[in-house]
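Have a look at the structure below, then the notes.
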Amino acid sequence: MRLEKCWFCSSTIYPGHGIQFVRNDAKIFRFCRSKCHKNFKMKRNPRKVKWTKAYRCLHGKDMTQDSTFEFERKRNRPERYDRNVTEQTLKAIPLITKIRHDRQKKHITERQKQGKTKEQERDAKELEQDIQMLPKKDVLSTQKTKVMVKVSQQQTEENLMEE
Amino acid sequence: MAAFLRSKCSSVGRTLMGGLGNNLFGAVNSSVQAVSRPSHCDPICQQIRTFIQMRTNLKVVDNSGAKRVMCIQSLRGKKGARLGDTIIGSVKEAQPRGKVKKGDVVYGVVVRAAMKRGRNDGSEIQFDDNAIVLVNNKGELIGTRVFGPVPHELRKKKHLKILALAEHIV
């Protein structure tokens, strides 16, 4: 059983799914679903269509280089069946996918971290520039957010200690 | 002429894609990188994707001497022939000093069809154009070469000679 990749969106094509288009120079284009086939027929470039893997990789949305991708490779040599090796592989598959998912999650959070700090900076700047646009009541209230409050608990504790 | 234009366009497309190429793009999408976009003068735009029926013009992709054959009878059924089926055709255009002449009635096997055809595993296959390989009424090839890709379904139809001579099997 061979799992192919969709030419347009790079998703996995399982046997019995999708359509193959063979150009006259014998180049085979495989598509996972009619959506991808239609987009191909409309002569769209997968690198410019936002939902494809090609776009996401190109624009740094997805993790591109990772050691977990090394396992997924096209091999033209048939492997001789070995029970132990197969068992180990089957055991390793969920572990590797878990590692990959975690790394992808980490990649995305790291990617979004930058945006968050930028957003905060932008907000701070906006507040600084346009503070006069707010009604005076609100300005006063915002300025008076921090109020020193005497903590009474500590005193009581000290008192207790003294006593 | 059309073929020349097409090759030109595709080469332009390839250079464009090369310019866009990015190293960031890992091994995941190497397949996308390698291909060039089909050009505007692609036959898929013009080719009607229906059954091969009476009066369908087919390209001959062997060296029998015929260039264009018009279908006059499908040996399949009421609706017409599909990929891998045999048809009877009349030679409309032929090269001089070929094995067949213009006006000959010939048998042929449809090796490429623009209409999609289901495969054994449930997926589908579709080609750029409608193409035929000429055979005699016993199913023996008239030419000695077959050009372009042919589907492996011909094995099921017992056209092993075509598969053996073909450049690419898909």
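Letters A, B, ... go to the chains of the structure tokens in the order shown; residues in each chain start at 1; ligands are counted from 1 in the same order.
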If we count only C-alpha atoms, what is near Phe40 in chain A at a cut-off of 10 Å, once residues fewer than 4 positions away on the same chain are taken out, given as a PDB file with N, CA and C atoms, in the first residue's frame?
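Contents of around.pdb, as written:
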```
ATOM      1  N   TRP A   7      -0.951  16.752  -5.095  1.00  0.00           N
ATOM      2  CA  TRP A   7      -0.094  17.728  -5.765  1.00  0.00           C
ATOM      3  C   TRP A   7      -0.425  19.131  -5.286  1.00  0.00           C
ATOM      4  N   PHE A   8      -1.669  19.371  -4.991  1.00  0.00           N
ATOM      5  CA  PHE A   8      -2.081  20.743  -4.670  1.00  0.00           C
ATOM      6  C   PHE A   8      -1.907  21.066  -3.194  1.00  0.00           C
ATOM      7  N   PHE A  29      -0.242  13.989 -11.972  1.00  0.00           N
ATOM      8  CA  PHE A  29      -0.708  14.896 -10.932  1.00  0.00           C
ATOM      9  C   PHE A  29      -1.775  14.169 -10.134  1.00  0.00           C
ATOM     10  N   PHE A  31      -4.535  14.166  -7.029  1.00  0.00           N
ATOM     11  CA  PHE A  31      -5.302  15.098  -6.220  1.00  0.00           C
ATOM     12  C   PHE A  31      -6.111  14.331  -5.201  1.00  0.00           C
ATOM     13  N   SER A  34     -11.893  16.632  -5.114  1.00  0.00           N
ATOM     14  CA  SER A  34     -12.260  17.445  -6.271  1.00  0.00           C
ATOM     15  C   SER A  34     -11.895  18.910  -6.053  1.00  0.00           C
ATOM     16  N   LYS A  35     -11.856  19.327  -4.790  1.00  0.00           N
ATOM     17  CA  LYS A  35     -11.474  20.712  -4.491  1.00  0.00           C
ATOM     18  C   LYS A  35     -10.090  21.028  -5.062  1.00  0.00           C
ATOM     19  N   CYS A  36      -9.147  20.090  -4.804  1.00  0.00           N
ATOM     20  CA  CYS A  36      -7.787  20.303  -5.274  1.00  0.00           C
ATOM     21  C   CYS A  36      -7.718  20.212  -6.797  1.00  0.00           C
ATOM     22  N   ARG A  44      -4.413  27.528 -10.565  1.00  0.00           N
ATOM     23  CA  ARG A  44      -3.964  28.251  -9.379  1.00  0.00           C
ATOM     24  C   ARG A  44      -2.630  27.692  -8.921  1.00  0.00           C
ATOM     25  N   ASN A  45      -1.825  28.556  -8.382  1.00  0.00           N
ATOM     26  CA  ASN A  45      -0.535  28.147  -7.846  1.00  0.00           C
ATOM     27  C   ASN A  45      -0.713  27.784  -6.378  1.00  0.00           C
ATOM     28  N   PRO A  46      -0.373  26.539  -5.996  1.00  0.00           N
ATOM     29  CA  PRO A  46      -0.569  26.143  -4.591  1.00  0.00           C
ATOM     30  C   PRO A  46       0.197  27.011  -3.606  1.00  0.00           C
TER      31      PRO A  46
ATOM     32  N   ARG B  37       3.912  24.562 -14.023  1.00  0.00           N
ATOM     33  CA  ARG B  37       2.476  24.710 -14.214  1.00  0.00           C
ATOM     34  C   ARG B  37       2.110  24.420 -15.664  1.00  0.00           C
ATOM     35  N   PRO B  38       0.947  23.807 -15.895  1.00  0.00           N
ATOM     36  CA  PRO B  38       0.544  23.603 -17.274  1.00  0.00           C
ATOM     37  C   PRO B  38       0.262  24.947 -17.951  1.00  0.00           C
TER      38      PRO B  38
END
```
Name the residues of range 54-158 of chain B that fall into strand (DSSP E) according to DSSP on the backbone, using the chain letters and numbers of this document, as number ranges by chain. B: 57-60, 66-74, 86-94, 105-112, 117-118, 124-127, 131-135, 149-150
Which of range 27-123 of chain A end up as helix (DSSP H, G or I) when DSSP is run on this backbone - answer as a PyMOL selection string? chain A and resi 34-41+53-58+67-71+83-123
Name the residues in contact with His159 in chain B at a cut-off of 12 Å, using only C-alpha atoms, excluding same-chain residues fewer than 4 positions from it; report them as a PyMOL selection string. chain B and resi 84-86+108-111+133-135+138-141+150-155+163-166
Can you list, as number ranges by chain, every protein, DNA or RNA residue that comes within 9 Å of Lys53 in chain A when you count only C-alpha atoms, leaving out same-chain residues fewer than 4 positions away? A: 8-11, 46-47, 57-58, 62; B: 28-29
Nearest candidate to chain A (options B:Lys67, B:Lys99, B:Arg55, B:Arg117; using only C-alpha atoms):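 Using only C-alpha atoms, the shortest distance to chain A belongs to B:Arg117.
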Check every residue of chain A for an atom within 10 Å of chain B, counting only C-alpha atoms, and provide those that qualify as a VMD selection string. chain A and resid 5 to 10 13 to 32 40 to 41 43 to 47 53 to 60 63 to 66 69 to 70 72 to 73
Surrounding residues of range 99-107 of chain A excluding itself and chain neighbours under 3 positions, 7 Å, only C-alpha atoms, as an MDAnalysis selection string: chainID A and resid 63 68 95:96 110:111
The selected residues should be written to file as an mmCIF file, in the first residue's frame (atoms: N, CA and C atoms).
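Okay, selection_1.cif is ready:
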```
data_model
loop_
_atom_site.group_PDB
_atom_site.id
_atom_site.type_symbol
_atom_site.label_atom_id
_atom_site.label_comp_id
_atom_site.auth_asym_id
_atom_site.auth_seq_id
_atom_site.Cartn_x
_atom_site.Cartn_y
_atom_site.Cartn_z
ATOM 1 N N MET A 63 5.859 24.129 10.783
ATOM 2 C CA MET A 63 7.212 23.643 10.999
ATOM 3 C C MET A 63 7.675 22.933 9.723
ATOM 4 N N THR A 68 11.483 14.511 12.883
ATOM 5 C CA THR A 68 10.364 13.566 12.782
ATOM 6 C C THR A 68 9.883 13.394 11.340
ATOM 7 N N LEU A 95 4.276 7.216 19.166
ATOM 8 C CA LEU A 95 5.232 8.043 19.911
ATOM 9 C C LEU A 95 5.758 9.177 19.034
ATOM 10 N N ILE A 96 6.122 8.799 17.795
ATOM 11 C CA ILE A 96 6.674 9.804 16.886
ATOM 12 C C ILE A 96 5.633 10.852 16.542
ATOM 13 N N GLU A 110 5.324 29.660 19.623
ATOM 14 C CA GLU A 110 6.473 30.556 19.497
ATOM 15 C C GLU A 110 6.266 31.581 18.402
ATOM 16 N N ARG A 111 5.591 31.115 17.350
ATOM 17 C CA ARG A 111 5.325 32.017 16.224
ATOM 18 C C ARG A 111 4.366 33.126 16.664
#
```
To one decimal place, how far is CA of Lys101 in chain B from CA of Ile142 in chain B in Å?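 Calculated distance between CA of Lys101 in chain B and CA of Ile142 in chain B is 12.5 Å.
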Neighbouring residues of range 62-66 of chain B were defined as those with any atom within 6 Å, considering only C-alpha atoms; residues of the same chain fewer than 3 positions away were excluded. Please report them as a ChimeraX atom specification. /B:94-95,98-100,133,142-143,145-146
